[in-house]
Amino acid sequence: MKTRSTLWKTLALVAFLALLLAMPKIARNDYQVRILNMTGLYILISLGLNIAMGYCGQINLAMGAFWAVGAYTAALLNTNFKWPFWLTLPAAMVISAIIGVVVGLPSLKVRSHYLAIVTIGLGEVINIILVNEEKITRGAMGIPGIKRPSLFGFTFNSEQKYYYLVLVAVILGYLIARQITRHRFGRAFRAIRDDYVAAKAMGVNTGFYQILAIVISGVYAGVAGVLFAHLNTYISPDIFEFRSTLFVLTMTMVGGMGNLLGSLVGGILVILQEALRTFKDWQLVFYGVAVVLVVLFFPGGVMGIAQRWRERQATRLASAAEKEEAGNPPSGEVR
Amino acid sequence: MTKTVILIQTIVGGLGIGSIYALVALGYSMVYRSMGLVNFAHGSIYMIGTYFGIIFYRGMVAGIHLPYWAAFIVGVLLTAILGVLLERLFRPLANLDLMLMLLGTIGVGIMLDNLAIIVWGAEGFAVRSPLPSKPILVGGVSLLPQMLLVIGVGTLLMVGLQTFLSRTKVGKAMRAAAQDREIASAMGIPVNFTNAITFAIGSGLASAAGILAAPIVYVNPSMSAAVGIKGFASAILGGLGSIPGAIVGGLSFGVIEAISAGFISSAYTKGIAFIIMVLVLMVKPSGIVGETTVEKV
């Protein structure tokens, strides 16, 4: 029974991967592939937010700013010093991590809505710096002419080719996030989220892990920023405003906060939002209504619904087993 | 001009903008105190409230041209009614945990913002001040009449609110309900009613702030985010849930902004104000006048 379900799972996974690999061929035009690429980037940011908020309970509403930090690091190093993608990526990761420590420090003193406004504030400060330090960032004009990455002479110069780069990044990002959340770090994170005082009493170095959670979320957004800069080849500060943070927050909560698969499912929201474009002005009104409905009726997001369904299945199986014990085997169970 | 004159002028300007933040912050704090709800749609209520008044002043509804003071009253009343309706919508959100509350109220904010864009268009407009635009000179200090109106009416509203809460029966019931929901309702106070009144007053104050500020700033639907965040920052700075805290927080936020704009760097005004807010919270997480809470296991 068990091997059979594992077999089915493997088959489903292989089919899903094949579908992912074929997506650029299925898509009708470059625009649709661009949306898939953006979905991938949003999923990366969402994974980071999920680790900080869903697993560790640290509200980080500076995600848009981290995204910007990654993108600007890549753009500046690439256009000024001709650093290729493979060097701007680690550089941006290091810088996002350093900014992560700065944004994370207040989490030692303040929590919940206080931490929310502190991270919003610090995020705004980063954005204000990007707009005003015109000598370095060219301010609101943005930075054009960022080169597409290449590997051993192969250049990712089309949306379709870039898609595979994003796909690899998302898969790696997911696997790393799974590794982080399933082992020591993850246990410490959840202990802090569920009961801060108890975690501290049990000897968890709460301060270290709180900052670490925000650093990790910052690095995820930073990587998404690098990928965005090299994909779009042009960046300006307005792309990374506070509403981008809100969008990632909604997508993570709709998918399921505290469950990494939720971030992947939340990616559908990016596509859904594009689909709502046919309603023009009403697009965002419907979007707002949808968000409120999710909060009121499905507070656990899509993954929460899946969880509830599994629990129901489990109780049904349990009651069936009870019946069997009572000497009344349900029909169709003989295999 | 001497340095002191410039300083006084800057501080008065800061108090003007600060009164606006304080009125907005009061909405956050009152609702938080009575319902435990952090209302991230409050910036949007401010924006809608501004339109509710200004559309009558500019004759945008069936050509009705009201004088400024009448448009002010109509706008505040309409927004208060909107507040009562929103309270009904927010009631189920108040019992959820912070993240869901955040998302639910943000969802309502997105709805309101985009409905405003559909009804009034995304482009904004400048509003003519009902008072002369020529500055009044007082001992070398030049003051904008509209700014004095903002400070005057703002102070009047804040004093009025304090008197209402401490002297009237409804006000006392509101304070009781905010302090302990269960006991208040056991004593026969209709808690849902007092919450609705709280929401109405909070929304009305936001509308008053918006209509007062309209001749100084540019009116458009996207102004909700900036004022919403600054109002919330003010409420937190003073101590979320505290009425004097909201006033102190708002005024300090305004003055800090004005001083950093005048003396340090106009580009970094907002940034400096946020950094000071973060520093204050690091030293005193409960805000300037907020009560310190001890976490119990």
# chains A, B, ... in the order shown; residues from 1 in each chain; ligands from 1

call {"tool": "closest_atom_pairs", "arguments": {"of": "chain B", "to": "chain A", "cutoff": "6 Å", "atoms": "only C-alpha atoms", "output": "CSV"}}
result
residue,atom,partner,partner_atom,distance
B:Gly104,CA,A:Val292,CA,4.9
B:Gly107,CA,A:Gly288,CA,4.4
B:Ile110,CA,A:Gly288,CA,5.2
B:Met111,CA,A:Val285,CA,4.6
B:Asn114,CA,A:Val285,CA,5.7
B:Gly271,CA,A:Val125,CA,4.8
B:Phe274,CA,A:Gly121,CA,5.3
B:Val278,CA,A:Val118,CA,5.8
B:Met282,CA,A:Lys109,CA,5.9
B:Pro285,CA,A:Val110,CA,6.0

call {"tool": "write_last_selection", "arguments": {"atoms": "C-alpha atoms", "output": "PDB file, in the first residue's frame"}}
result
ATOM      1  CA  GLY B 104      -8.198  41.432   5.717  1.00  0.00           C
ATOM      2  CA  GLY B 107      -7.975  43.851   1.294  1.00  0.00           C
ATOM      3  CA  ILE B 110      -7.457  47.900  -1.835  1.00  0.00           C
ATOM      4  CA  MET B 111     -11.212  47.727  -2.507  1.00  0.00           C
ATOM      5  CA  ASN B 114      -9.850  51.236  -6.434  1.00  0.00           C
ATOM      6  CA  GLY B 271      13.270  58.715   6.017  1.00  0.00           C
ATOM      7  CA  PHE B 274      10.886  56.831  10.230  1.00  0.00           C
ATOM      8  CA  VAL B 278      12.362  53.109  14.995  1.00  0.00           C
ATOM      9  CA  MET B 282      13.910  50.419  20.351  1.00  0.00           C
ATOM     10  CA  PRO B 285       8.727  49.760  22.679  1.00  0.00           C
TER      11      PRO B 285
END

call {"tool": "select_by_dssp", "arguments": {"residues": "range 68-225 of chain B", "states": "strand (DSSP E or B)", "output": "list of chain:residue names"}}
result
B:Phe125, B:Ala126, B:Ile136, B:Leu137, B:Val138, B:Val141, B:Ser142, B:Leu143, B:Tyr218, B:Val219

call {"tool": "atom_distance", "arguments": {"atom1": "CA of Ala224 in chain A", "atom2": "CA of Ile45 in chain A"}}
result
6.4 Å

call {"tool": "select_by_dssp", "arguments": {"residues": "range 97-142 of chain B", "states": "helix (DSSP H, G or I)", "output": "PDB file with C-alpha atoms, in the first residue's frame"}}
result
ATOM      1  CA  LEU B  98      -2.561  39.864  13.552  1.00  0.00           C
ATOM      2  CA  MET B  99      -1.475  38.559  10.158  1.00  0.00           C
ATOM      3  CA  LEU B 100      -5.027  37.768   9.048  1.00  0.00           C
ATOM      4  CA  MET B 101      -6.238  41.083  10.434  1.00  0.00           C
ATOM      5  CA  LEU B 102      -3.480  42.811   8.495  1.00  0.00           C
ATOM      6  CA  LEU B 103      -4.424  41.068   5.279  1.00  0.00           C
ATOM      7  CA  GLY B 104      -8.198  41.432   5.717  1.00  0.00           C
ATOM      8  CA  THR B 105      -8.046  45.159   6.413  1.00  0.00           C
ATOM      9  CA  ILE B 106      -5.508  45.639   3.598  1.00  0.00           C
ATOM     10  CA  GLY B 107      -7.975  43.851   1.294  1.00  0.00           C
ATOM     11  CA  VAL B 108     -10.711  46.308   2.283  1.00  0.00           C
ATOM     12  CA  GLY B 109      -8.238  49.150   1.690  1.00  0.00           C
ATOM     13  CA  ILE B 110      -7.457  47.900  -1.835  1.00  0.00           C
ATOM     14  CA  MET B 111     -11.212  47.727  -2.507  1.00  0.00           C
ATOM     15  CA  LEU B 112     -11.866  51.282  -1.281  1.00  0.00           C
ATOM     16  CA  ASP B 113      -8.847  52.735  -3.126  1.00  0.00           C
ATOM     17  CA  ASN B 114      -9.850  51.236  -6.434  1.00  0.00           C
ATOM     18  CA  LEU B 115     -13.526  52.082  -6.063  1.00  0.00           C
ATOM     19  CA  ALA B 116     -12.380  55.675  -5.533  1.00  0.00           C
ATOM     20  CA  ILE B 117     -10.340  55.480  -8.744  1.00  0.00           C
ATOM     21  CA  ILE B 118     -13.380  54.174 -10.636  1.00  0.00           C
ATOM     22  CA  VAL B 119     -15.700  56.861  -9.252  1.00  0.00           C
ATOM     23  CA  TRP B 120     -13.412  59.920  -9.184  1.00  0.00           C
TER      24      TRP B 120
END

call {"tool": "residues_around", "arguments": {"residues": "Leu26 in chain B", "least_positions_apart": "5", "cutoff": "8 Å", "atoms": "only C-alpha atoms", "output": "mmCIF file with N, CA and C atoms, in the first residue's frame"}}
result
data_model
loop_
_atom_site.group_PDB
_atom_site.id
_atom_site.type_symbol
_atom_site.label_atom_id
_atom_site.label_comp_id
_atom_site.auth_asym_id
_atom_site.auth_seq_id
_atom_site.Cartn_x
_atom_site.Cartn_y
_atom_site.Cartn_z
ATOM 1 N N GLY B 202 -13.684 57.652 14.710
ATOM 2 C CA GLY B 202 -12.354 57.510 14.106
ATOM 3 C C GLY B 202 -12.376 57.890 12.631
ATOM 4 N N LEU B 205 -12.940 61.685 12.174
ATOM 5 C CA LEU B 205 -11.717 62.460 12.433
ATOM 6 C C LEU B 205 -10.764 62.382 11.243
ATOM 7 N N ALA B 235 0.685 56.809 15.629
ATOM 8 C CA ALA B 235 -0.041 56.134 16.711
ATOM 9 C C ALA B 235 0.901 55.238 17.502
ATOM 10 N N ILE B 243 -5.081 57.628 23.710
ATOM 11 C CA ILE B 243 -5.604 58.831 23.044
ATOM 12 C C ILE B 243 -4.582 59.970 23.121
ATOM 13 N N ALA B 246 -1.712 59.219 20.734
ATOM 14 C CA ALA B 246 -1.921 59.485 19.310
ATOM 15 C C ALA B 246 -1.652 60.953 19.012
ATOM 16 N N ILE B 247 -2.108 61.839 19.923
ATOM 17 C CA ILE B 247 -1.927 63.279 19.694
ATOM 18 C C ILE B 247 -0.440 63.638 19.784
#

call {"tool": "residues_around", "arguments": {"residues": "Ile229 in chain B", "least_positions_apart": "3", "cutoff": "10 Å", "atoms": "only C-alpha atoms", "output": "VMD selection string"}}
result
(chain A and resid 117 120 to 121) or (chain B and resid 21 24 to 25 40 42 to 43 224 to 226 232 to 235)

call {"tool": "residues_around", "arguments": {"residues": "Leu151 in chain A", "least_positions_apart": "6", "cutoff": "12 Å", "atoms": "only C-alpha atoms", "output": "JSON, numbers by chain"}}
result
{"A": [84, 85, 86, 157, 161, 162, 165]}
